[in-house]
>>> print(open('protein.tsv').read())   # TSV, C-alpha atoms and all ligand atoms
chain	number	residue	atom	x	y	z
A	16	MET	CA	66.82	135.83	105.12
A	17	LYS	CA	69.12	132.91	104.53
A	18	ASP	CA	68.31	131.51	107.98
A	19	SER	CA	64.58	131.65	107.55
A	20	THR	CA	64.87	129.97	104.16
A	21	LYS	CA	66.91	127.26	105.75
A	22	LYS	CA	64.44	126.79	108.55
A	23	GLY	CA	61.54	126.50	106.15
A	24	TRP	CA	63.35	123.89	104.18
A	25	THR	CA	64.22	122.02	107.32
A	26	GLU	CA	60.60	121.91	108.44
A	27	ILE	CA	59.35	120.76	105.09
A	28	HIS	CA	61.80	117.94	104.99
A	29	THR	CA	61.71	116.73	108.55
A	30	SER	CA	58.90	114.30	107.77
A	31	VAL	CA	60.57	113.07	104.61
A	32	LEU	CA	63.77	112.63	106.54
A	33	LEU	CA	62.11	110.88	109.42
A	34	ALA	CA	60.66	108.32	107.07
A	35	PHE	CA	63.97	107.92	105.33
A	36	VAL	CA	66.06	107.74	108.44
A	37	LEU	CA	63.72	105.24	110.06
A	38	ALA	CA	63.93	103.13	106.92
A	39	SER	CA	67.69	103.41	106.89
A	40	VAL	CA	67.97	101.98	110.37
A	41	SER	CA	67.30	98.59	108.83
A	42	SER	CA	68.83	99.16	105.44
A	43	GLY	CA	71.90	100.40	103.66
A	44	CYS	CA	75.47	99.46	104.15
A	45	GLY	CA	76.01	99.84	107.85
A	46	PRO	CA	76.32	97.00	110.27
A	47	GLY	CA	72.66	97.49	111.15
A	48	SER	CA	71.93	95.56	108.01
A	49	SER	CA	74.16	92.67	108.88
A	50	ALA	CA	72.96	89.43	110.33
A	51	SER	CA	74.07	88.79	113.88
A	52	GLY	CA	77.50	87.41	114.45
A	53	ALA	CA	77.09	83.96	112.90
A	54	VAL	CA	79.61	84.92	110.29
A	55	GLY	CA	82.72	86.59	111.60
A	56	ARG	CA	84.09	90.00	110.92
A	57	GLY	CA	85.57	91.55	107.85
A	58	ALA	CA	87.96	89.79	105.50
A	59	THR	CA	88.00	86.77	107.69
A	60	ASP	CA	84.26	86.37	107.50
A	61	GLY	CA	82.37	83.77	105.56
A	62	PRO	CA	81.66	80.14	106.14
A	63	LEU	CA	85.24	79.13	105.43
A	64	ALA	CA	86.29	80.94	108.57
A	65	ALA	CA	83.40	79.56	110.57
A	66	ASP	CA	85.76	77.12	112.26
A	67	GLY	CA	87.35	80.08	114.02
A	68	ARG	CA	90.41	80.43	111.80
A	69	SER	CA	91.56	83.96	111.40
A	70	GLY	CA	91.56	84.66	107.67
A	71	ALA	CA	94.33	87.20	108.14
A	72	ASP	CA	96.94	84.58	108.97
A	73	ALA	CA	95.36	81.50	107.45
A	74	SER	CA	96.46	80.23	104.09
A	75	PRO	CA	93.88	79.96	101.29
A	76	SER	CA	91.39	77.26	102.07
A	77	GLN	CA	92.81	74.71	99.64
A	78	ALA	CA	92.30	71.78	101.94
A	79	GLN	CA	88.60	72.55	102.12
A	80	ILE	CA	88.01	72.67	98.38
A	81	ARG	CA	86.34	69.42	97.54
A	82	ARG	CA	86.79	68.02	94.06
A	83	HIS	CA	83.97	68.19	91.58
A	84	ALA	CA	82.61	64.71	91.04
A	85	GLY	CA	79.54	65.37	88.89
A	86	GLY	CA	78.99	66.16	85.23
A	87	PHE	CA	79.37	69.33	83.20
A	88	PRO	CA	78.63	72.12	83.14
A	89	ILE	CA	79.34	72.72	86.82
A	90	ARG	CA	76.37	74.52	88.39
A	91	ALA	CA	77.61	77.64	90.16
A	92	VAL	CA	75.11	79.74	92.11
A	93	CYS	CA	76.20	83.28	93.01
A	94	THR	CA	74.64	86.01	95.14
A	95	ILE	CA	75.27	89.43	93.49
A	96	GLY	CA	75.66	90.01	89.75
A	97	MET	CA	79.27	91.19	90.05
A	98	VAL	CA	80.30	87.89	91.62
A	99	ALA	CA	78.34	85.93	88.99
A	100	ASP	CA	80.23	87.96	86.36
A	101	LEU	CA	83.55	86.67	87.74
A	102	ALA	CA	82.32	83.07	87.62
A	103	VAL	CA	81.07	83.52	84.03
A	104	ASN	CA	84.39	84.96	82.86
A	105	VAL	CA	86.50	82.27	84.53
A	106	GLY	CA	84.17	79.32	84.04
A	107	GLY	CA	83.40	79.74	80.34
A	108	SER	CA	81.38	76.85	78.95
A	109	ARG	CA	82.52	74.53	81.79
A	110	VAL	CA	80.40	76.39	84.34
A	111	ALA	CA	76.70	77.31	84.20
A	112	VAL	CA	76.31	80.38	86.40
A	113	GLU	CA	73.09	81.45	88.10
A	114	GLY	CA	72.86	84.76	89.93
A	115	ILE	CA	70.35	85.18	92.74
A	116	MET	CA	70.15	88.97	93.07
A	117	GLY	CA	69.14	90.74	89.88
A	118	GLU	CA	68.89	94.30	88.69
A	119	GLY	CA	68.11	96.96	91.31
A	120	VAL	CA	68.33	94.56	94.26
A	121	ASP	CA	69.87	95.79	97.53
A	122	PRO	CA	72.10	92.94	98.76
A	123	HIS	CA	72.25	94.36	102.30
A	124	LEU	CA	68.55	93.68	102.69
A	125	TYR	CA	68.03	90.70	100.44
A	126	LYS	CA	66.51	87.61	102.02
A	127	ALA	CA	66.74	84.31	100.16
A	128	SER	CA	63.42	83.09	98.74
A	129	PRO	CA	62.37	79.42	98.90
A	130	GLY	CA	63.38	79.19	95.21
A	131	ASP	CA	66.83	80.59	96.02
A	132	LEU	CA	67.28	78.07	98.82
A	133	GLN	CA	66.45	75.30	96.42
A	134	ARG	CA	68.94	76.56	93.87
A	135	LEU	CA	71.65	77.06	96.50
A	136	GLY	CA	70.96	73.66	98.02
A	137	SER	CA	71.44	71.88	94.69
A	138	ALA	CA	74.43	73.94	93.46
A	139	ASP	CA	77.77	72.26	92.77
A	140	ILE	CA	79.55	75.36	94.05
A	141	ILE	CA	78.49	78.69	95.59
A	142	PHE	CA	80.22	82.07	95.34
A	143	TYR	CA	79.30	85.19	97.30
A	144	ASN	CA	80.90	88.57	98.03
A	145	GLY	CA	81.38	88.30	101.79
A	146	LEU	CA	82.49	91.09	104.19
A	147	HIS	CA	78.88	91.09	105.42
A	148	LEU	CA	77.48	92.41	102.16
A	149	GLU	CA	74.85	89.67	102.05
A	150	GLY	CA	73.91	90.47	105.64
A	151	LYS	CA	70.56	88.74	105.74
A	152	MET	CA	71.94	85.56	104.15
A	153	ALA	CA	74.84	85.05	106.54
A	154	ASP	CA	73.26	82.19	108.50
A	155	ILE	CA	72.15	80.43	105.33
A	156	LEU	CA	75.63	80.67	103.83
A	157	VAL	CA	77.18	79.22	106.98
A	158	ARG	CA	74.74	76.32	106.86
A	159	LEU	CA	75.31	75.71	103.16
A	160	ALA	CA	79.08	75.65	103.66
A	161	ARG	CA	78.69	72.46	105.69
A	162	THR	CA	77.41	70.53	102.71
A	163	ARG	CA	78.40	72.55	99.61
A	164	PRO	CA	81.65	74.19	98.49
A	165	THR	CA	80.87	77.80	99.43
A	166	PHE	CA	83.32	80.66	98.88
A	167	ALA	CA	83.54	84.39	99.55
A	168	VAL	CA	85.41	86.01	96.65
A	169	THR	CA	86.82	88.64	99.03
A	170	GLU	CA	88.31	86.11	101.40
A	171	ASP	CA	91.94	86.42	100.29
A	172	LEU	CA	92.03	90.22	100.28
A	173	PRO	CA	94.74	91.42	102.68
A	174	PRO	CA	93.18	93.35	105.58
A	175	GLU	CA	95.48	96.32	104.94
A	176	LEU	CA	93.73	96.86	101.60
A	177	LEU	CA	90.28	96.92	103.18
A	178	ARG	CA	88.60	100.11	104.31
A	179	GLU	CA	87.31	100.32	107.84
A	180	PRO	CA	85.44	103.65	107.88
A	181	PRO	CA	83.59	104.76	111.04
A	182	GLU	CA	80.16	104.43	109.40
A	183	PHE	CA	80.65	100.67	109.22
A	184	GLN	CA	81.16	100.52	112.96
A	185	GLY	CA	84.05	98.12	113.24
A	186	GLN	CA	83.37	96.14	110.09
A	187	TYR	CA	85.07	96.32	106.74
A	188	ASP	CA	83.46	98.15	103.84
A	189	PRO	CA	82.21	95.35	101.55
A	190	HIS	CA	81.95	97.39	98.31
A	191	VAL	CA	85.35	96.30	96.98
A	192	TRP	CA	84.24	95.96	93.32
A	193	PHE	CA	84.50	99.71	92.75
A	194	ASP	CA	88.27	99.55	92.92
A	195	VAL	CA	88.84	97.55	89.75
A	196	SER	CA	92.35	96.53	90.84
A	197	LEU	CA	90.91	95.08	94.06
A	198	TRP	CA	88.21	93.25	92.11
A	199	ALA	CA	90.94	91.69	89.97
A	200	ARG	CA	92.25	90.07	93.16
A	201	CYS	CA	88.79	88.62	93.75
A	202	LEU	CA	89.02	87.25	90.22
A	203	ASP	CA	92.23	85.45	91.24
A	204	ARG	CA	90.34	83.88	94.11
A	205	VAL	CA	87.68	82.50	91.75
A	206	VAL	CA	90.38	81.13	89.41
A	207	HIS	CA	92.12	79.45	92.33
A	208	VAL	CA	88.92	77.89	93.67
A	209	LEU	CA	87.71	76.57	90.30
A	210	ALA	CA	91.16	75.19	89.44
A	211	GLU	CA	91.21	73.25	92.71
A	212	PHE	CA	87.61	72.18	92.38
A	213	ASP	CA	88.00	70.85	88.85
A	214	PRO	CA	91.73	70.03	88.37
A	215	PRO	CA	91.45	68.45	84.90
A	216	HIS	CA	90.38	71.86	83.56
A	217	ALA	CA	92.56	74.05	85.77
A	218	GLY	CA	94.54	75.27	82.76
A	219	GLU	CA	91.38	76.58	81.09
A	220	TYR	CA	90.31	78.48	84.21
A	221	ARG	CA	93.78	80.02	84.57
A	222	GLU	CA	93.87	81.02	80.92
A	223	ARG	CA	90.45	82.64	80.96
A	224	GLY	CA	91.27	84.24	84.30
A	225	SER	CA	94.44	85.82	82.97
A	226	ALA	CA	92.65	87.08	79.83
A	227	TYR	CA	89.96	88.69	81.99
A	228	ARG	CA	92.60	90.05	84.37
A	229	LYS	CA	94.24	91.89	81.47
A	230	ARG	CA	90.88	93.45	80.60
A	231	LEU	CA	90.36	94.52	84.20
A	232	GLU	CA	93.84	96.04	84.35
A	233	ALA	CA	93.06	98.00	81.19
A	234	LEU	CA	89.74	99.09	82.66
A	235	HIS	CA	91.45	100.29	85.85
A	236	GLY	CA	93.74	102.51	83.76
A	237	GLU	CA	90.85	103.73	81.64
A	238	VAL	CA	88.85	104.77	84.72
A	239	LYS	CA	91.84	106.69	86.12
A	240	LYS	CA	92.38	108.49	82.84
A	241	GLN	CA	88.74	109.44	82.40
A	242	LEU	CA	88.31	110.76	85.92
A	243	ALA	CA	91.41	112.89	85.49
A	244	GLU	CA	89.35	114.95	83.02
A	245	ILE	CA	87.38	116.40	85.95
A	246	PRO	CA	89.15	119.41	87.48
A	247	PRO	CA	90.58	118.36	90.89
A	248	GLY	CA	88.36	120.73	92.91
A	249	GLY	CA	85.21	119.29	91.36
A	250	ARG	CA	86.16	115.65	91.73
A	251	VAL	CA	83.56	115.05	94.44
A	252	LEU	CA	80.98	112.30	94.38
A	253	VAL	CA	77.86	112.89	96.48
A	254	THR	CA	75.59	109.84	96.46
A	255	ALA	CA	72.75	108.31	98.42
A	256	HIS	CA	74.73	105.67	100.26
A	257	ASP	CA	78.28	104.89	101.19
A	258	ALA	CA	79.12	102.40	98.42
A	259	PHE	CA	81.86	104.38	96.71
A	260	GLY	CA	84.60	104.50	99.34
A	261	TYR	CA	86.97	102.16	97.45
A	262	PHE	CA	86.20	104.00	94.24
A	263	GLY	CA	87.18	107.29	95.87
A	264	ARG	CA	90.39	105.86	97.30
A	265	ALA	CA	91.48	104.21	94.05
A	266	TYR	CA	90.69	107.10	91.72
A	267	GLU	CA	91.25	110.14	93.92
A	268	VAL	CA	87.66	111.21	94.14
A	269	GLU	CA	86.29	112.74	97.33
A	270	VAL	CA	83.18	110.78	98.31
A	271	ARG	CA	80.29	111.94	100.47
A	272	GLY	CA	77.43	109.55	101.22
A	273	ILE	CA	74.15	110.76	102.60
A	274	GLN	CA	72.89	107.55	104.06
A	275	GLY	CA	74.30	105.87	107.10
A	276	MET	CA	75.45	109.08	108.73
A	277	SER	CA	72.89	109.04	111.48
A	278	THR	CA	69.90	107.07	112.65
A	279	ASP	CA	68.57	110.02	114.61
A	280	ALA	CA	66.05	112.12	112.64
A	281	GLU	CA	67.10	115.52	113.97
A	282	ALA	CA	70.78	114.76	113.50
A	283	GLY	CA	69.85	113.54	110.02
A	284	VAL	CA	68.37	116.92	109.17
A	285	ARG	CA	71.50	118.63	110.52
A	286	GLU	CA	73.80	116.37	108.48
A	287	LEU	CA	71.78	116.95	105.33
A	288	SER	CA	71.90	120.67	105.96
A	289	ARG	CA	75.68	120.52	106.43
A	290	LEU	CA	76.05	118.56	103.22
A	291	ALA	CA	73.98	121.18	101.35
A	292	ASP	CA	76.33	123.86	102.78
A	293	PHE	CA	79.32	121.85	101.55
A	294	ILE	CA	77.89	121.45	98.03
A	295	ALA	CA	77.03	125.14	97.79
A	296	GLU	CA	80.44	126.20	99.12
A	297	ARG	CA	82.37	123.96	96.75
A	298	LYS	CA	79.96	124.92	93.93
A	299	LEU	CA	79.56	121.28	92.96
A	300	LYS	CA	77.60	120.77	89.77
A	301	ALA	CA	75.91	117.47	90.45
A	302	VAL	CA	74.88	114.83	92.94
A	303	PHE	CA	73.96	111.25	92.04
A	304	VAL	CA	71.23	108.71	92.68
A	305	GLU	CA	71.71	104.97	92.70
A	306	THR	CA	69.78	102.14	91.12
A	307	SER	CA	69.44	100.13	94.31
A	308	VAL	CA	68.65	103.04	96.68
A	309	PRO	CA	65.53	105.27	96.79
A	310	GLU	CA	66.24	108.75	95.42
A	311	ARG	CA	64.03	110.89	97.66
A	312	PHE	CA	66.90	111.79	99.95
A	313	VAL	CA	68.99	113.09	97.08
A	314	ARG	CA	66.02	115.18	95.92
A	315	ALA	CA	65.77	116.74	99.40
A	316	LEU	CA	69.46	117.60	99.13
A	317	VAL	CA	69.02	119.26	95.72
A	318	GLU	CA	66.22	121.41	97.18
A	319	GLY	CA	68.43	122.26	100.15
A	320	CYS	CA	71.10	123.56	97.77
A	321	GLN	CA	68.51	125.59	95.87
A	322	ALA	CA	67.46	127.21	99.15
A	323	ARG	CA	71.11	128.29	99.50
A	324	GLY	CA	71.05	129.86	96.05
A	325	HIS	CA	73.18	127.11	94.51
A	326	ARG	CA	71.85	125.12	91.62
A	327	VAL	CA	72.93	121.50	91.71
A	328	VAL	CA	71.47	118.86	89.42
A	329	ILE	CA	70.99	115.14	89.75
A	330	GLY	CA	73.86	114.04	87.53
A	331	GLY	CA	72.35	110.67	86.77
A	332	GLN	CA	71.88	107.22	88.17
A	333	LEU	CA	74.85	105.17	89.28
A	334	TYR	CA	75.00	101.42	89.57
A	335	SER	CA	76.14	100.72	93.10
A	336	ASP	CA	75.25	97.36	94.61
A	337	ALA	CA	73.60	95.77	91.56
A	338	MET	CA	74.40	95.66	87.85
A	339	GLY	CA	71.98	96.52	85.05
A	340	LYS	CA	69.62	94.34	83.05
A	341	PRO	CA	71.14	91.14	81.66
A	342	GLY	CA	71.89	91.49	77.96
A	343	THR	CA	72.64	95.24	78.18
A	344	PRO	CA	76.20	96.65	78.49
A	345	GLU	CA	75.45	97.58	82.13
A	346	GLY	CA	74.50	93.96	82.78
A	347	THR	CA	78.22	93.13	82.92
A	348	TYR	CA	80.75	94.28	85.47
A	349	GLU	CA	82.91	96.11	82.94
A	350	GLY	CA	79.87	97.79	81.38
A	351	MET	CA	78.57	98.85	84.77
A	352	VAL	CA	81.87	100.47	85.73
A	353	ARG	CA	82.15	102.23	82.36
A	354	ARG	CA	78.59	103.54	82.54
A	355	ASN	CA	79.18	104.91	86.05
A	356	VAL	CA	82.37	106.67	85.05
A	357	ASP	CA	80.74	108.15	81.93
A	358	THR	CA	77.85	109.42	84.04
A	359	ILE	CA	80.19	110.95	86.64
A	360	VAL	CA	82.54	112.58	84.14
A	361	ARG	CA	79.73	114.00	82.03
A	362	ALA	CA	78.05	115.58	85.08
A	363	LEU	CA	81.14	116.96	86.84
A	364	GLN	CA	83.40	117.99	83.97
B	401	ZN	ZN	75.88	99.00	99.65
>>> encode(input="protein.tsv", output="C-alpha cells", more="lines below")
Ligand SMILES: [Zn+2]
Amino acid sequence: MKDSTKKGWTEIHTSVLLAFVLASVSSGCGPGSSASGAVGRGATDGPLAADGRSGADASPSQAQIRRHAGGFPIRAVCTIGMVADLAVNVGGSRVAVEGIMGEGVDPHLYKASPGDLQRLGSADIIFYNGLHLEGKMADILVRLARTRPTFAVTEDLPPELLREPPEFQGQYDPHVWFDVSLWARCLDRVVHVLAEFDPPHAGEYRERGSAYRKRLEALHGEVKKQLAEIPPGGRVLVTAHDAFGYFGRAYEVEVRGIQGMSTDAEAGVRELSRLADFIAERKLKAVFVETSVPERFVRALVEGCQARGHRVVIGGQLYSDAMGKPGTPEGTYEGMVRRNVDTIVRALQ
C-alpha cells in the first residue's frame, strides 16, 4: 500500500521535478551558477586577488585602497542588500549607499543591467559579497576593480571559518551572513576599507562600526537563545536551497536543502523521496520556503510527506539571499535575521 502510494506520488511529480531540476542546473548556489574562473576561488576570490595573490596568506589590501579625492557624500554602490546594510551602518551621512539587487532577487543568477553598469562605473567605491555569490557579475567586478576601489566584504575571513560542503564542488559556501558573528567580521572589513579610503573621517567610521558591532553581537546571542526554545530533536531546517549552512553551524540547527543535490531528474526524485522519508521519520512539523527561490519544490515535498501519512506544513517564508522591502523591518539585516528566527521558532517549537 505504502509503496504504491509512493510510486503514484513519484509519477505525478516527475514532470514537476524535471522542470525544477533543469532550471536548477543554471541556478541556485552551486558552482554551476558561478561565472567561469575569471575570479579566483573562495575567500581569496574577488578583484583584489586578481593579481594572483593568495588571500589566505596576503595581508589586507591596504596598499590598494586609493584615497577618496571627491566630495561628500561618498557614493558607494553595493551588490546585495546585506552588504549595502553594512555600508549604511558604517558610512552614516558621509556615504550615500545604493544597492543593486533588491527584494526577492537571486544574486547567483543576477546579471547587471545597463543602468547598474552606469551606476557601478560612476561609483566612488564598490562593495560586494564575494565567494562567488555574485556569479554572473564576476567578470564585471574584475574589470571595475581596475579603475574603481572595489572590495569583497568576505575577503578577510580566515579560510578555516569558511564552509566547503560537497554541494559547492570545491568552492566556499558564500552565505556567510547567516552566522551573525561571521557577518560582524565582514563589518570590520568595511570599517577598515572606509577608514583607509577617507582618513580624515576614519574615527567616525570606527565609532559607528563599533556601535553596530555591539548590536550584531547582541543579535548573535539573541538568535542562540531563541533557537534554544526548539526541542533539540526538532531543530531541523528543511528549505528550498542550501543557503543556511552557516546558520546551522553557528546555532546548532540541522539543515537540509532540497536544491543543489542533483542535476539528474531521476536522482532528484529519489533524493526528494528520501527527504520525505526523513521528515516523516523525525516527525518534523514544518519545512520552509524562501523569498528568492520558487516554492514548487517545497510543495512537492509536503505532498510527499502526506503520502507517507505525515502531516508537515510550510512553516513560512524565510529571507535567504535577499532582504525584504526597504522601509520595513525586514529591509534591514537585523530585521531580516530576526524575522527568520521568529518564523523558524514559531513553526518548530
Ligand atoms: Zn544562495
>>> atom_distance(input="protein.tsv", atom1="CA of Arg82 (chain A)", atom2="CA of Tyr143 (chain A)")
19.0 Å
>>> residues_near_point(input="protein.tsv", point="(74.6, 72.5, 92.5)", cutoff="10 Å", atoms="only C-alpha atoms", output="list in words")
Gly85, Ile89, Arg90, Ala91, Val92, Ala111, Gln133, Arg134, Leu135, Gly136, Ser137, Ala138, Asp139, Ile140, Ile141, Arg163 and Pro164 of chain A
>>> closest_residue(input="protein.tsv", among="A:His147, A:Arg285, A:Arg354, A:His190", to="ligand ZN 401 (chain B)", atoms="only C-alpha atoms and all ligand atoms")
A:His190
>>> closest_residue(input="protein.tsv", among="A:Leu146, A:Met351, A:Ala243, A:Ala362", to="Glu118 (chain A)", atoms="all atoms listed in the file")
A:Met351
>>> closest_residue(input="protein.tsv", among="A:Ala291, A:Val110, A:Phe312, A:Leu363", to="Pro247 (chain A)", atoms="only C-alpha atoms")
A:Leu363
>>> closest_atom_pairs(input="protein.tsv", of="chain A", to="ligand ZN 401 (chain B)", cutoff="12 Å", atoms="all atoms listed in the file", output="JSON lines")
{"residue": "A:Ser39", "atom": "CA", "partner": "B:ZN401", "partner_atom": "ZN", "distance": 11.8}
{"residue": "A:Ser42", "atom": "CA", "partner": "B:ZN401", "partner_atom": "ZN", "distance": 9.1}
{"residue": "A:Gly43", "atom": "CA", "partner": "B:ZN401", "partner_atom": "ZN", "distance": 5.8}
{"residue": "A:Cys44", "atom": "CA", "partner": "B:ZN401", "partner_atom": "ZN", "distance": 4.5}
{"residue": "A:Gly45", "atom": "CA", "partner": "B:ZN401", "partner_atom": "ZN", "distance": 8.2}
{"residue": "A:Pro46", "atom": "CA", "partner": "B:ZN401", "partner_atom": "ZN", "distance": 10.8}
{"residue": "A:Ser48", "atom": "CA", "partner": "B:ZN401", "partner_atom": "ZN", "distance": 9.9}
{"residue": "A:Ser49", "atom": "CA", "partner": "B:ZN401", "partner_atom": "ZN", "distance": 11.3}
{"residue": "A:Ile95", "atom": "CA", "partner": "B:ZN401", "partner_atom": "ZN", "distance": 11.4}
{"residue": "A:Gly119", "atom": "CA", "partner": "B:ZN401", "partner_atom": "ZN", "distance": 11.6}
{"residue": "A:Val120", "atom": "CA", "partner": "B:ZN401", "partner_atom": "ZN", "distance": 10.3}
{"residue": "A:Asp121", "atom": "CA", "partner": "B:ZN401", "partner_atom": "ZN", "distance": 7.1}
{"residue": "A:Pro122", "atom": "CA", "partner": "B:ZN401", "partner_atom": "ZN", "distance": 7.2}
{"residue": "A:His123", "atom": "CA", "partner": "B:ZN401", "partner_atom": "ZN", "distance": 6.5}
{"residue": "A:Leu124", "atom": "CA", "partner": "B:ZN401", "partner_atom": "ZN", "distance": 9.6}
{"residue": "A:Tyr125", "atom": "CA", "partner": "B:ZN401", "partner_atom": "ZN", "distance": 11.5}
{"residue": "A:Asn144", "atom": "CA", "partner": "B:ZN401", "partner_atom": "ZN", "distance": 11.7}
{"residue": "A:Leu146", "atom": "CA", "partner": "B:ZN401", "partner_atom": "ZN", "distance": 11.3}
{"residue": "A:His147", "atom": "CA", "partner": "B:ZN401", "partner_atom": "ZN", "distance": 10.2}
{"residue": "A:Leu148", "atom": "CA", "partner": "B:ZN401", "partner_atom": "ZN", "distance": 7.2}
{"residue": "A:Glu149", "atom": "CA", "partner": "B:ZN401", "partner_atom": "ZN", "distance": 9.7}
{"residue": "A:Gly150", "atom": "CA", "partner": "B:ZN401", "partner_atom": "ZN", "distance": 10.6}
{"residue": "A:Glu182", "atom": "CA", "partner": "B:ZN401", "partner_atom": "ZN", "distance": 12.0}
{"residue": "A:Phe183", "atom": "CA", "partner": "B:ZN401", "partner_atom": "ZN", "distance": 10.8}
{"residue": "A:Tyr187", "atom": "CA", "partner": "B:ZN401", "partner_atom": "ZN", "distance": 11.9}
{"residue": "A:Asp188", "atom": "CA", "partner": "B:ZN401", "partner_atom": "ZN", "distance": 8.7}
{"residue": "A:Pro189", "atom": "CA", "partner": "B:ZN401", "partner_atom": "ZN", "distance": 7.5}
{"residue": "A:His190", "atom": "CA", "partner": "B:ZN401", "partner_atom": "ZN", "distance": 6.4}
{"residue": "A:Val191", "atom": "CA", "partner": "B:ZN401", "partner_atom": "ZN", "distance": 10.2}
{"residue": "A:Trp192", "atom": "CA", "partner": "B:ZN401", "partner_atom": "ZN", "distance": 10.9}
{"residue": "A:Phe193", "atom": "CA", "partner": "B:ZN401", "partner_atom": "ZN", "distance": 11.1}
{"residue": "A:Thr254", "atom": "CA", "partner": "B:ZN401", "partner_atom": "ZN", "distance": 11.3}
{"residue": "A:Ala255", "atom": "CA", "partner": "B:ZN401", "partner_atom": "ZN", "distance": 9.9}
{"residue": "A:His256", "atom": "CA", "partner": "B:ZN401", "partner_atom": "ZN", "distance": 6.8}
{"residue": "A:Asp257", "atom": "CA", "partner": "B:ZN401", "partner_atom": "ZN", "distance": 6.5}
{"residue": "A:Ala258", "atom": "CA", "partner": "B:ZN401", "partner_atom": "ZN", "distance": 4.9}
{"residue": "A:Phe259", "atom": "CA", "partner": "B:ZN401", "partner_atom": "ZN", "distance": 8.6}
{"residue": "A:Gly260", "atom": "CA", "partner": "B:ZN401", "partner_atom": "ZN", "distance": 10.3}
{"residue": "A:Tyr261", "atom": "CA", "partner": "B:ZN401", "partner_atom": "ZN", "distance": 11.7}
{"residue": "A:Gly272", "atom": "CA", "partner": "B:ZN401", "partner_atom": "ZN", "distance": 10.8}
{"residue": "A:Gln274", "atom": "CA", "partner": "B:ZN401", "partner_atom": "ZN", "distance": 10.1}
{"residue": "A:Gly275", "atom": "CA", "partner": "B:ZN401", "partner_atom": "ZN", "distance": 10.3}
{"residue": "A:Glu305", "atom": "CA", "partner": "B:ZN401", "partner_atom": "ZN", "distance": 10.1}
{"residue": "A:Thr306", "atom": "CA", "partner": "B:ZN401", "partner_atom": "ZN", "distance": 10.9}
{"residue": "A:Ser307", "atom": "CA", "partner": "B:ZN401", "partner_atom": "ZN", "distance": 8.4}
{"residue": "A:Val308", "atom": "CA", "partner": "B:ZN401", "partner_atom": "ZN", "distance": 8.8}
{"residue": "A:Tyr334", "atom": "CA", "partner": "B:ZN401", "partner_atom": "ZN", "distance": 10.4}
{"residue": "A:Ser335", "atom": "CA", "partner": "B:ZN401", "partner_atom": "ZN", "distance": 6.8}
{"residue": "A:Asp336", "atom": "CA", "partner": "B:ZN401", "partner_atom": "ZN", "distance": 5.3}
{"residue": "A:Ala337", "atom": "CA", "partner": "B:ZN401", "partner_atom": "ZN", "distance": 9.0}
>>> atom_distance(input="protein.tsv", atom1="CA of Trp198 (chain A)", atom2="CA of Glu232 (chain A)")
10.0 Å
>>> atom_distance(input="protein.tsv", atom1="CA of Lys239 (chain A)", atom2="CA of Tyr266 (chain A)")
5.7 Å
>>> closest_residue(input="protein.tsv", among="A:Val208, A:Arg311, A:Phe142, A:Ala322", to="Ala160 (chain A)", atoms="only C-alpha atoms")
A:Phe142
>>> residues_around(input="protein.tsv", residues="Val328 (chain A)", least_positions_apart="6", cutoff="12 Å", atoms="all atoms listed in the file", output="list of chain:residue names")
A:Val253, A:Ile294, A:Ala295, A:Lys298, A:Leu299, A:Lys300, A:Ala301, A:Val302, A:Phe303, A:Val304, A:Val313, A:Arg314, A:Ala315, A:Leu316, A:Val317, A:Glu318, A:Gly319, A:Cys320, A:Gln321, A:Ala362, A:Leu363
>>> residues_near_point(input="protein.tsv", point="(92.4, 104.4, 92.5)", cutoff="10 Å", atoms="all atoms listed in the file", output="number ranges by chain")
A: 193-197, 235-236, 238-239, 261-268
>>> write_last_selection(input="protein.tsv", atoms="C-alpha atoms", output="tab-separated table (two decimals), keeping the file's coordinate frame")
chain	number	residue	atom	x	y	z
A	193	PHE	CA	84.50	99.71	92.75
A	194	ASP	CA	88.27	99.55	92.92
A	195	VAL	CA	88.84	97.55	89.75
A	196	SER	CA	92.35	96.53	90.84
A	197	LEU	CA	90.91	95.08	94.06
A	235	HIS	CA	91.45	100.29	85.85
A	236	GLY	CA	93.74	102.51	83.76
A	238	VAL	CA	88.85	104.77	84.72
A	239	LYS	CA	91.84	106.69	86.12
A	261	TYR	CA	86.97	102.16	97.45
A	262	PHE	CA	86.20	104.00	94.24
A	263	GLY	CA	87.18	107.29	95.87
A	264	ARG	CA	90.39	105.86	97.30
A	265	ALA	CA	91.48	104.21	94.05
A	266	TYR	CA	90.69	107.10	91.72
A	267	GLU	CA	91.25	110.14	93.92
A	268	VAL	CA	87.66	111.21	94.14
>>> residues_around(input="protein.tsv", residues="Cys201 (chain A)", least_positions_apart="3", cutoff="8 Å", atoms="all atoms listed in the file", output="ChimeraX atom specification")
/A:168-169,171-172,197-198,204-205
>>> residues_around(input="protein.tsv", residues="Asp203 (chain A)", least_positions_apart="3", cutoff="9 Å", atoms="all atoms listed in the file", output="number ranges by chain")
A: 168, 198-200, 206-208, 221, 224-225, 228
>>> closest_residue(input="protein.tsv", among="A:Arg250, A:His83, A:His216, A:Arg361", to="Val105 (chain A)", atoms="all atoms listed in the file")
A:His216
>>> residues_around(input="protein.tsv", residues="Asp357 (chain A)", least_positions_apart="5", cutoff="12 Å", atoms="only C-alpha atoms", output="PyMOL selection string")
chain A and resi 237-242+244-245+330-334+345+350-352+362-364
>>> closest_residue(input="protein.tsv", among="A:Arg271, A:Arg323, A:Lys340, A:Arg158", to="Glu296 (chain A)", atoms="all atoms listed in the file")
A:Arg323
>>> decode(input="protein.tsv", residues="region 162-175 of chain A", atoms="C-alpha atoms", output="CSV table (one decimal), in the first residue's frame")
chain,number,residue,atom,x,y,z
A,162,THR,CA,39.5,51.7,-12.3
A,163,ARG,CA,37.4,51.8,-9.1
A,164,PRO,CA,38.1,50.8,-5.5
A,165,THR,CA,36.2,47.5,-5.4
A,166,PHE,CA,36.0,45.3,-2.3
A,167,ALA,CA,34.6,41.9,-1.3
A,168,VAL,CA,33.4,42.2,2.3
A,169,THR,CA,34.3,38.5,2.8
A,170,GLU,CA,37.9,38.9,1.7
A,171,ASP,CA,39.5,38.9,5.2
A,172,LEU,CA,37.5,35.9,6.5
A,173,PRO,CA,40.0,33.2,7.5
A,174,PRO,CA,39.6,30.1,5.3
A,175,GLU,CA,39.2,27.8,8.4
